[in-house]
$ cat data-v5.cif   # mmCIF, C-alpha atoms
data_final
#
loop_
_atom_site.label_atom_id
_atom_site.label_comp_id
_atom_site.auth_asym_id
_atom_site.auth_seq_id
_atom_site.Cartn_x
_atom_site.Cartn_y
_atom_site.Cartn_z
CA MET A 18 25.23 -14.89 -41.07
CA VAL A 19 25.80 -13.89 -37.47
CA HIS A 20 26.48 -16.99 -35.38
CA ARG A 21 27.37 -17.27 -31.68
CA LYS A 22 27.10 -13.54 -31.14
CA LYS A 23 24.24 -13.66 -28.61
CA GLY A 24 24.53 -11.40 -25.59
CA ARG A 25 26.77 -8.47 -24.67
CA LYS A 26 30.45 -8.78 -23.75
CA LEU A 27 30.37 -5.64 -21.54
CA LYS A 28 34.18 -5.25 -22.10
CA ARG A 29 34.87 -8.16 -19.71
CA THR A 30 36.18 -11.68 -19.89
CA ALA A 31 33.75 -14.61 -19.61
CA SER A 32 34.51 -15.32 -15.93
CA HIS A 33 34.36 -11.62 -14.99
CA ARG A 34 31.07 -11.22 -16.90
CA SER A 35 29.43 -14.22 -15.22
CA ALA A 36 30.52 -12.97 -11.78
CA LEU A 37 29.17 -9.49 -12.56
CA LEU A 38 25.78 -10.80 -13.66
CA ALA A 39 25.56 -13.14 -10.67
CA ASN A 40 26.22 -10.22 -8.30
CA LEU A 41 23.71 -8.02 -10.10
CA SER A 42 21.05 -10.74 -9.92
CA ILE A 43 21.69 -11.24 -6.18
CA ALA A 44 21.36 -7.48 -5.61
CA LEU A 45 18.13 -7.38 -7.61
CA ILE A 46 16.61 -10.34 -5.73
CA ILE A 47 17.43 -8.83 -2.32
CA ASN A 48 16.55 -5.18 -3.10
CA LYS A 49 13.83 -5.77 -5.77
CA ARG A 50 15.14 -2.71 -7.70
CA ILE A 51 18.65 -1.59 -8.73
CA LYS A 52 20.15 1.19 -10.82
CA THR A 53 22.87 0.33 -13.35
CA THR A 54 23.80 0.95 -16.99
CA GLU A 55 21.26 0.21 -19.69
CA ALA A 56 23.39 -2.52 -21.29
CA LYS A 57 23.89 -4.34 -17.98
CA ALA A 58 20.17 -4.07 -17.14
CA LYS A 59 19.12 -5.53 -20.50
CA GLU A 60 21.70 -8.31 -20.21
CA LEU A 61 20.60 -9.08 -16.64
CA ARG A 62 17.06 -9.83 -17.80
CA ARG A 63 18.36 -12.82 -19.78
CA PHE A 64 19.75 -14.35 -16.57
CA ILE A 65 17.24 -13.34 -13.87
CA GLU A 66 14.00 -14.30 -15.63
CA PRO A 67 14.91 -18.01 -16.10
CA LEU A 68 15.73 -18.13 -12.37
CA VAL A 69 12.29 -16.72 -11.49
CA SER A 70 10.60 -19.27 -13.76
CA LYS A 71 12.55 -22.00 -11.93
CA ALA A 72 11.22 -20.67 -8.64
CA ARG A 73 7.67 -20.83 -10.07
CA LYS A 74 8.13 -24.43 -11.14
CA ALA A 75 9.65 -25.37 -7.78
CA LEU A 76 6.50 -24.17 -5.99
CA LYS A 77 4.36 -26.46 -8.17
CA TYR A 78 6.59 -29.46 -7.37
CA LYS A 79 6.86 -28.68 -3.64
CA ASP A 80 4.15 -31.15 -2.55
CA SER A 81 3.82 -33.51 -5.53
CA ALA A 82 7.53 -34.08 -6.34
CA PRO A 83 9.87 -32.58 -3.69
CA GLU A 84 12.96 -34.03 -5.40
CA LYS A 85 12.29 -31.77 -8.41
CA ASN A 86 11.99 -28.80 -6.08
CA VAL A 87 15.40 -29.59 -4.59
CA HIS A 88 16.89 -30.08 -8.06
CA LEU A 89 15.69 -26.64 -9.23
CA ARG A 90 17.11 -25.01 -6.11
CA ARG A 91 20.48 -26.65 -6.77
CA GLU A 92 20.43 -25.48 -10.39
CA ALA A 93 19.81 -21.89 -9.26
CA ARG A 94 22.49 -22.23 -6.58
CA LYS A 95 25.10 -22.92 -9.30
CA PHE A 96 24.62 -19.38 -10.59
CA LEU A 97 23.62 -17.38 -7.50
CA ASN A 98 25.95 -18.65 -4.73
CA ASN A 99 24.05 -16.71 -2.03
CA LYS A 100 21.84 -18.46 0.51
CA GLU A 101 19.75 -15.41 1.43
CA ALA A 102 19.03 -14.60 -2.23
CA LEU A 103 18.03 -18.23 -2.90
CA ILE A 104 15.56 -18.24 0.00
CA ILE A 105 14.01 -14.95 -1.13
CA LEU A 106 13.80 -16.12 -4.74
CA PHE A 107 12.12 -19.48 -4.06
CA ASP A 108 10.00 -18.60 -1.02
CA GLU A 109 8.96 -14.99 -1.64
CA ILE A 110 9.37 -13.99 -5.29
CA GLY A 111 8.07 -17.32 -6.61
CA LEU A 112 4.87 -16.85 -4.58
CA LYS A 113 4.53 -13.20 -5.59
CA VAL A 114 4.85 -13.97 -9.31
CA GLY A 115 1.95 -16.44 -9.24
CA ASP A 116 0.75 -17.41 -12.72
CA ARG A 117 2.49 -14.62 -14.66
CA PRO A 118 3.75 -16.16 -17.93
CA GLY A 119 7.16 -14.44 -18.13
CA GLY A 120 8.05 -10.75 -18.18
CA TYR A 121 8.92 -10.61 -14.47
CA THR A 122 11.15 -7.51 -14.74
CA ARG A 123 11.02 -4.10 -16.38
CA VAL A 124 13.81 -1.74 -17.48
CA LEU A 125 13.25 2.01 -17.01
CA LYS A 126 15.70 4.31 -18.83
CA THR A 127 17.01 7.19 -16.68
CA GLY A 128 19.15 9.24 -19.07
CA THR A 129 22.93 9.53 -19.16
CA ARG A 130 25.49 9.41 -16.35
CA TYR A 131 27.33 12.61 -15.42
CA GLY A 132 30.91 11.31 -15.45
CA ASP A 133 31.26 9.22 -18.59
CA GLY A 134 27.93 9.83 -20.35
CA ALA A 135 26.87 6.18 -20.10
CA ARG A 136 23.18 5.40 -20.53
CA THR A 137 21.70 4.44 -17.16
CA ALA A 138 18.56 2.48 -16.33
CA ILE A 139 16.59 1.03 -13.43
CA ILE A 140 15.64 -2.66 -13.47
CA GLU A 141 12.94 -3.84 -11.07
CA PHE A 142 10.44 -6.63 -10.49
CA VAL A 143 7.00 -5.93 -11.97
CA ASP A 144 5.00 -7.44 -9.09
CA TYR A 145 6.51 -5.23 -6.38
CA ASN A 146 5.25 -1.72 -5.68
CA TYR A 147 8.57 -0.09 -4.86
CA VAL A 148 7.16 3.31 -3.87
CA LYS A 149 4.88 1.92 -1.13
CA ALA A 150 7.60 -0.36 0.21
CA ARG A 151 10.03 2.58 0.33
CA GLU A 152 7.55 4.79 2.18
CA GLU A 153 6.85 2.07 4.75
CA SER A 154 10.56 1.42 5.31
CA ASP A 155 11.19 5.18 5.74
CA LYS A 156 8.40 5.38 8.32
CA GLU A 157 9.84 2.41 10.22
CA LYS A 158 13.31 3.96 10.20
CA GLU A 159 11.95 7.26 11.51
CA ALA A 160 10.04 5.45 14.24
CA LYS A 161 13.19 3.60 15.29
CA ARG A 162 15.26 6.78 15.33
CA ASN A 163 12.82 8.81 17.42
CA PRO A 164 10.22 6.62 19.15
CA ASP A 165 8.53 9.72 20.64
CA THR A 166 7.01 10.54 17.25
CA LYS A 167 4.76 7.49 17.43
CA LYS A 168 3.52 8.57 20.86
CA THR A 169 2.85 12.09 19.65
CA GLU A 170 1.00 10.79 16.58
CA ALA A 171 -1.07 8.49 18.77
CA LYS A 172 -1.84 11.40 21.13
CA GLU A 173 -2.86 13.63 18.22
CA THR A 174 -5.19 10.97 16.87
CA LYS A 175 -6.70 10.44 20.31
CA ASP A 176 -7.17 14.19 20.78
CA LYS A 177 -8.86 14.44 17.39
CA GLU A 178 -11.18 11.56 18.26
CA THR A 179 -12.05 13.04 21.66
CA LYS A 180 -12.68 16.44 20.08
CA GLY A 181 -14.93 14.85 17.50
CA THR A 182 -16.91 13.00 20.17
CA LYS A 183 -17.22 16.17 22.26
CA VAL A 184 -18.51 18.14 19.29
CA LYS A 185 -21.01 15.39 18.49
CA LYS A 186 -22.22 15.33 22.12
CA ALA A 187 -22.57 19.12 22.17
CA ASP A 188 -24.57 19.06 18.95
CA ALA A 189 -26.80 16.33 20.33
CA LYS A 190 -27.39 18.33 23.53
CA ALA A 191 -28.23 21.46 21.55
CA THR A 192 -30.75 19.59 19.41
CA ASP A 193 -32.34 18.02 22.51
CA GLU A 194 -32.67 21.44 24.16
CA LYS A 195 -34.26 22.90 21.03
CA LYS A 196 -36.75 20.04 20.90
CA LYS A 197 -37.60 20.57 24.59
CA GLU A 198 -38.18 24.29 24.01
CA VAL A 199 -40.45 23.60 21.05
CA LYS A 200 -42.43 21.10 23.14
CA LYS A 201 -42.74 23.59 26.02
CA LYS A 202 -44.02 26.29 23.67
CA ALA A 203 -46.58 23.91 22.17
CA VAL A 204 -47.75 22.89 25.66
CA LYS A 205 -48.09 26.56 26.72
CA LYS A 206 -50.14 27.39 23.64
CA THR A 207 -52.53 24.51 24.30
CA GLU A 208 -52.83 25.50 27.95
CA THR A 209 -53.60 29.14 27.10
CA LYS A 210 -56.22 28.07 24.58
CA LYS A 211 -57.89 25.82 27.16
CA ALA A 212 -57.78 28.60 29.77
CA GLU A 213 -59.35 31.11 27.41
CA GLU A 214 -62.12 28.68 26.49
CA SER A 215 -62.86 27.85 30.13
CA SER A 216 -62.78 31.49 31.39
CA PRO A 217 -66.23 33.18 32.23
CA LYS A 218 -65.63 36.21 29.96
CA THR A 219 -65.38 34.02 26.95
CA LYS A 220 -68.58 32.25 28.02
CA LYS A 221 -70.48 35.59 28.34
CA THR A 222 -69.31 36.76 24.93
CA SER A 223 -70.41 33.48 23.41
CA LYS A 224 -73.86 33.83 25.08
CA LYS A 225 -74.28 37.40 23.76
CA LYS A 226 -73.45 36.27 20.29
CA THR A 227 -76.03 33.54 20.46
CA GLU A 228 -78.72 36.01 21.77
CA ASP A 229 -78.00 38.52 19.03
CA ASN A 230 -78.40 35.80 16.48
#
$ encode --input "data-v5.cif" --output "structure tokens"
Amino acid sequence: MVHRKKGRKLKRTASHRSALLANLSIALIINKRIKTTEAKAKELRRFIEPLVSKARKALKYKDSAPEKNVHLRREARKFLNNKEALIILFDEIGLKVGDRPGGYTRVLKTGTRYGDGARTAIIEFVDYNYVKAREESDKEKEAKRNPDTKKTEAKETKDKETKGTKVKKADAKATDEKKKEVKKKAVKKTETKKAEESSPKTKKTSKKKTEDN
């Protein structure tokens, strides 16, 4: 029988291991995604997911029983010891999780490390789209570095819009001119027909035809 063998030692003492996992959980809460070894990532799930479930419960008790909300925050504070991470966990991640019944994180294996051949993995929150967030942050950083790019992009969009409107106006003008020409031709045809019918030659020819008949 295997008793009291739950968890991984990670070649550390108990105090060192608890400090390591607390730091990893703080990094994961702040960054939403971290890269570490596979063993540490799997061990971290055992510590981070109960904290997220506490944040979920605290949101339910926020209005009905605020003392329970405070109690859950204090319980999480015993392990985390970081004010910024606590605020993000209870105010942002708890809301984002919603009614998800567990399974707040995922572990993605990324092969072996170059130096020592250790198995590496990425651990991240399921409810956060990391790729979109990264793209938005990169765009913001680029805009801060060179603010002229925003102006040029805005100018390009304006130029495209003005070109599109000009092309539309030109097409509308061309269609109107074509319609006017068609109308003019129709009017000319009707006028020529009326003139031919009213002319004396046409009257004489019509009289001769009637006499011959």
$ atom_distance --input "data-v5.cif" --atom1 "atom CA of A:Leu112" --atom2 "atom CA of A:Lys49"
14.3 Å
$ residues_around --input "data-v5.cif" --residues "A:Tyr121" --least-positions-apart "3" --cutoff "8 Å" --atoms "all atoms listed in the file" --output "PyMOL selection string"
chain A and resi 66+69+114+117+142-144
$ atom_distance --input "data-v5.cif" --atom1 "atom CA of A:Lys74" --atom2 "atom CA of A:Asn86"
7.7 Å
$ closest_residue --input "data-v5.cif" --among "A:Arg90, A:Arg73, A:Thr54, A:Asp116" --to "A:Arg130" --atoms "all atoms listed in the file"
A:Thr54
$ residues_around --input "data-v5.cif" --residues "A:Val124" --least-positions-apart "5" --cutoff "7 Å" --atoms "all atoms listed in the file" --output "list in words"
Ala58, Ala138, Ile139, Ile140 and Glu141 of chain A
$ atom_distance --input "data-v5.cif" --atom1 "atom CA of A:Ser35" --atom2 "atom CA of A:Phe96"
8.4 Å
$ decode --input "data-v5.cif" --residues "stretch 39-175 of chain A" --atoms "C-alpha atoms" --output "PDB file, in the first residue's frame"
ATOM      1  CA  ALA A  39       3.533  29.886  -4.672  1.00  0.00           C
ATOM      2  CA  ASN A  40       5.805  31.836  -7.030  1.00  0.00           C
ATOM      3  CA  LEU A  41       4.696  29.767 -10.016  1.00  0.00           C
ATOM      4  CA  SER A  42       1.024  30.330  -9.166  1.00  0.00           C
ATOM      5  CA  ILE A  43       1.595  34.104  -8.819  1.00  0.00           C
ATOM      6  CA  ALA A  44       3.333  34.159 -12.218  1.00  0.00           C
ATOM      7  CA  LEU A  45       0.497  32.182 -13.796  1.00  0.00           C
ATOM      8  CA  ILE A  46      -2.198  34.457 -12.324  1.00  0.00           C
ATOM      9  CA  ILE A  47      -0.449  37.621 -13.540  1.00  0.00           C
ATOM     10  CA  ASN A  48       0.661  36.363 -16.982  1.00  0.00           C
ATOM     11  CA  LYS A  49      -2.152  33.813 -17.637  1.00  0.00           C
ATOM     12  CA  ARG A  50       0.412  31.479 -19.295  1.00  0.00           C
ATOM     13  CA  ILE A  51       3.894  30.290 -18.256  1.00  0.00           C
ATOM     14  CA  LYS A  52       6.468  27.836 -19.564  1.00  0.00           C
ATOM     15  CA  THR A  53       8.124  25.424 -17.114  1.00  0.00           C
ATOM     16  CA  THR A  54       8.960  21.731 -16.740  1.00  0.00           C
ATOM     17  CA  GLU A  55       6.216  19.172 -17.169  1.00  0.00           C
ATOM     18  CA  ALA A  56       6.455  17.937 -13.565  1.00  0.00           C
ATOM     19  CA  LYS A  57       6.174  21.468 -12.135  1.00  0.00           C
ATOM     20  CA  ALA A  58       3.231  22.286 -14.432  1.00  0.00           C
ATOM     21  CA  LYS A  59       1.322  19.161 -13.387  1.00  0.00           C
ATOM     22  CA  GLU A  60       2.066  19.807  -9.722  1.00  0.00           C
ATOM     23  CA  LEU A  61       1.004  23.446 -10.055  1.00  0.00           C
ATOM     24  CA  ARG A  62      -2.478  22.420 -11.178  1.00  0.00           C
ATOM     25  CA  ARG A  63      -3.105  20.858  -7.753  1.00  0.00           C
ATOM     26  CA  PHE A  64      -2.484  24.241  -6.089  1.00  0.00           C
ATOM     27  CA  ILE A  65      -3.866  26.793  -8.566  1.00  0.00           C
ATOM     28  CA  GLU A  66      -7.251  25.200  -9.282  1.00  0.00           C
ATOM     29  CA  PRO A  67      -8.473  25.229  -5.638  1.00  0.00           C
ATOM     30  CA  LEU A  68      -7.547  28.931  -5.515  1.00  0.00           C
ATOM     31  CA  VAL A  69      -9.653  29.635  -8.622  1.00  0.00           C
ATOM     32  CA  SER A  70     -12.603  27.739  -7.132  1.00  0.00           C
ATOM     33  CA  LYS A  71     -12.249  29.909  -4.000  1.00  0.00           C
ATOM     34  CA  ALA A  72     -12.425  32.998  -6.193  1.00  0.00           C
ATOM     35  CA  ARG A  73     -15.620  31.628  -7.787  1.00  0.00           C
ATOM     36  CA  LYS A  74     -17.209  31.051  -4.395  1.00  0.00           C
ATOM     37  CA  ALA A  75     -16.155  34.498  -3.170  1.00  0.00           C
ATOM     38  CA  LEU A  76     -18.058  36.127  -6.059  1.00  0.00           C
ATOM     39  CA  LYS A  77     -21.242  34.292  -5.025  1.00  0.00           C
ATOM     40  CA  TYR A  78     -20.867  35.468  -1.413  1.00  0.00           C
ATOM     41  CA  LYS A  79     -19.939  39.063  -2.334  1.00  0.00           C
ATOM     42  CA  ASP A  80     -23.450  40.488  -1.818  1.00  0.00           C
ATOM     43  CA  SER A  81     -25.205  37.862   0.310  1.00  0.00           C
ATOM     44  CA  ALA A  82     -22.416  37.108   2.856  1.00  0.00           C
ATOM     45  CA  PRO A  83     -19.447  39.521   2.550  1.00  0.00           C
ATOM     46  CA  GLU A  84     -17.724  38.005   5.597  1.00  0.00           C
ATOM     47  CA  LYS A  85     -17.329  34.718   3.672  1.00  0.00           C
ATOM     48  CA  ASN A  86     -15.848  36.626   0.759  1.00  0.00           C
ATOM     49  CA  VAL A  87     -13.256  38.192   3.074  1.00  0.00           C
ATOM     50  CA  HIS A  88     -12.525  34.805   4.659  1.00  0.00           C
ATOM     51  CA  LEU A  89     -11.821  33.194   1.262  1.00  0.00           C
ATOM     52  CA  ARG A  90      -9.522  36.054   0.300  1.00  0.00           C
ATOM     53  CA  ARG A  91      -7.575  35.604   3.542  1.00  0.00           C
ATOM     54  CA  GLU A  92      -7.283  31.859   2.942  1.00  0.00           C
ATOM     55  CA  ALA A  93      -5.838  32.500  -0.532  1.00  0.00           C
ATOM     56  CA  ARG A  94      -3.536  35.177   0.885  1.00  0.00           C
ATOM     57  CA  LYS A  95      -1.896  32.562   3.145  1.00  0.00           C
ATOM     58  CA  PHE A  96      -0.542  30.811   0.057  1.00  0.00           C
ATOM     59  CA  LEU A  97      -0.096  33.609  -2.488  1.00  0.00           C
ATOM     60  CA  ASN A  98       1.423  36.508  -0.496  1.00  0.00           C
ATOM     61  CA  ASN A  99       1.039  38.931  -3.432  1.00  0.00           C
ATOM     62  CA  LYS A 100      -1.563  41.702  -3.418  1.00  0.00           C
ATOM     63  CA  GLU A 101      -1.655  42.210  -7.187  1.00  0.00           C
ATOM     64  CA  ALA A 102      -2.121  38.479  -7.854  1.00  0.00           C
ATOM     65  CA  LEU A 103      -4.929  38.318  -5.265  1.00  0.00           C
ATOM     66  CA  ILE A 104      -6.798  41.209  -6.883  1.00  0.00           C
ATOM     67  CA  ILE A 105      -6.474  39.655 -10.352  1.00  0.00           C
ATOM     68  CA  LEU A 106      -7.546  36.232  -9.075  1.00  0.00           C
ATOM     69  CA  PHE A 107     -10.678  37.367  -7.222  1.00  0.00           C
ATOM     70  CA  ASP A 108     -11.784  40.281  -9.428  1.00  0.00           C
ATOM     71  CA  GLU A 109     -10.815  39.177 -12.943  1.00  0.00           C
ATOM     72  CA  ILE A 110     -10.222  35.427 -13.153  1.00  0.00           C
ATOM     73  CA  GLY A 111     -13.176  34.583 -10.901  1.00  0.00           C
ATOM     74  CA  LEU A 112     -15.484  36.543 -13.221  1.00  0.00           C
ATOM     75  CA  LYS A 113     -13.930  35.053 -16.356  1.00  0.00           C
ATOM     76  CA  VAL A 114     -14.347  31.471 -15.132  1.00  0.00           C
ATOM     77  CA  GLY A 115     -18.097  31.892 -14.598  1.00  0.00           C
ATOM     78  CA  ASP A 116     -19.893  28.578 -14.041  1.00  0.00           C
ATOM     79  CA  ARG A 117     -17.102  26.274 -15.240  1.00  0.00           C
ATOM     80  CA  PRO A 118     -17.090  23.226 -12.917  1.00  0.00           C
ATOM     81  CA  GLY A 119     -13.312  22.784 -12.528  1.00  0.00           C
ATOM     82  CA  GLY A 120     -10.624  22.229 -15.147  1.00  0.00           C
ATOM     83  CA  TYR A 121      -9.526  25.875 -15.215  1.00  0.00           C
ATOM     84  CA  THR A 122      -6.034  25.184 -16.603  1.00  0.00           C
ATOM     85  CA  ARG A 123      -4.477  23.092 -19.354  1.00  0.00           C
ATOM     86  CA  VAL A 124      -0.951  21.667 -19.732  1.00  0.00           C
ATOM     87  CA  LEU A 125       0.582  21.628 -23.229  1.00  0.00           C
ATOM     88  CA  LYS A 126       3.720  19.506 -23.659  1.00  0.00           C
ATOM     89  CA  THR A 127       6.513  21.237 -25.621  1.00  0.00           C
ATOM     90  CA  GLY A 128       9.222  18.579 -25.941  1.00  0.00           C
ATOM     91  CA  THR A 129      12.572  18.434 -24.159  1.00  0.00           C
ATOM     92  CA  ARG A 130      14.892  21.214 -23.020  1.00  0.00           C
ATOM     93  CA  TYR A 131      18.205  21.691 -24.823  1.00  0.00           C
ATOM     94  CA  GLY A 132      20.553  21.820 -21.834  1.00  0.00           C
ATOM     95  CA  ASP A 133      19.506  18.983 -19.538  1.00  0.00           C
ATOM     96  CA  GLY A 134      16.873  17.175 -21.622  1.00  0.00           C
ATOM     97  CA  ALA A 135      14.071  17.930 -19.151  1.00  0.00           C
ATOM     98  CA  ARG A 136      10.501  17.626 -20.409  1.00  0.00           C
ATOM     99  CA  THR A 137       9.007  21.101 -20.767  1.00  0.00           C
ATOM    100  CA  ALA A 138       5.380  22.206 -20.879  1.00  0.00           C
ATOM    101  CA  ILE A 139       3.167  25.290 -21.025  1.00  0.00           C
ATOM    102  CA  ILE A 140       0.427  25.756 -18.431  1.00  0.00           C
ATOM    103  CA  GLU A 141      -2.304  28.306 -19.141  1.00  0.00           C
ATOM    104  CA  PHE A 142      -5.847  29.272 -18.190  1.00  0.00           C
ATOM    105  CA  VAL A 143      -8.502  27.736 -20.441  1.00  0.00           C
ATOM    106  CA  ASP A 144     -10.773  30.802 -20.559  1.00  0.00           C
ATOM    107  CA  TYR A 145      -8.124  33.182 -21.909  1.00  0.00           C
ATOM    108  CA  ASN A 146      -7.285  33.411 -25.604  1.00  0.00           C
ATOM    109  CA  TYR A 147      -3.557  33.981 -25.305  1.00  0.00           C
ATOM    110  CA  VAL A 148      -2.887  34.511 -29.020  1.00  0.00           C
ATOM    111  CA  LYS A 149      -5.341  37.428 -29.361  1.00  0.00           C
ATOM    112  CA  ALA A 150      -4.127  39.044 -26.158  1.00  0.00           C
ATOM    113  CA  ARG A 151      -0.515  38.761 -27.343  1.00  0.00           C
ATOM    114  CA  GLU A 152      -1.314  40.306 -30.729  1.00  0.00           C
ATOM    115  CA  GLU A 153      -3.138  43.229 -29.095  1.00  0.00           C
ATOM    116  CA  SER A 154      -0.290  43.845 -26.645  1.00  0.00           C
ATOM    117  CA  ASP A 155       2.244  43.756 -29.513  1.00  0.00           C
ATOM    118  CA  LYS A 156       0.187  46.310 -31.450  1.00  0.00           C
ATOM    119  CA  GLU A 157      -0.012  48.577 -28.401  1.00  0.00           C
ATOM    120  CA  LYS A 158       3.747  48.334 -27.857  1.00  0.00           C
ATOM    121  CA  GLU A 159       4.437  49.192 -31.498  1.00  0.00           C
ATOM    122  CA  ALA A 160       2.069  52.154 -31.298  1.00  0.00           C
ATOM    123  CA  LYS A 161       3.848  53.424 -28.178  1.00  0.00           C
ATOM    124  CA  ARG A 162       7.280  53.025 -29.763  1.00  0.00           C
ATOM    125  CA  ASN A 163       6.436  54.835 -32.998  1.00  0.00           C
ATOM    126  CA  PRO A 164       3.214  56.863 -32.731  1.00  0.00           C
ATOM    127  CA  ASP A 165       3.526  57.927 -36.399  1.00  0.00           C
ATOM    128  CA  THR A 166       2.411  54.463 -37.518  1.00  0.00           C
ATOM    129  CA  LYS A 167      -1.085  55.074 -36.170  1.00  0.00           C
ATOM    130  CA  LYS A 168      -1.302  58.332 -38.108  1.00  0.00           C
ATOM    131  CA  THR A 169      -0.115  56.661 -41.296  1.00  0.00           C
ATOM    132  CA  GLU A 170      -2.597  53.808 -40.847  1.00  0.00           C
ATOM    133  CA  ALA A 171      -5.395  56.303 -40.258  1.00  0.00           C
ATOM    134  CA  LYS A 172      -4.338  58.254 -43.366  1.00  0.00           C
ATOM    135  CA  GLU A 173      -4.247  55.076 -45.459  1.00  0.00           C
ATOM    136  CA  THR A 174      -7.730  54.103 -44.312  1.00  0.00           C
ATOM    137  CA  LYS A 175      -9.020  57.599 -45.051  1.00  0.00           C
TER     138      LYS A 175
END
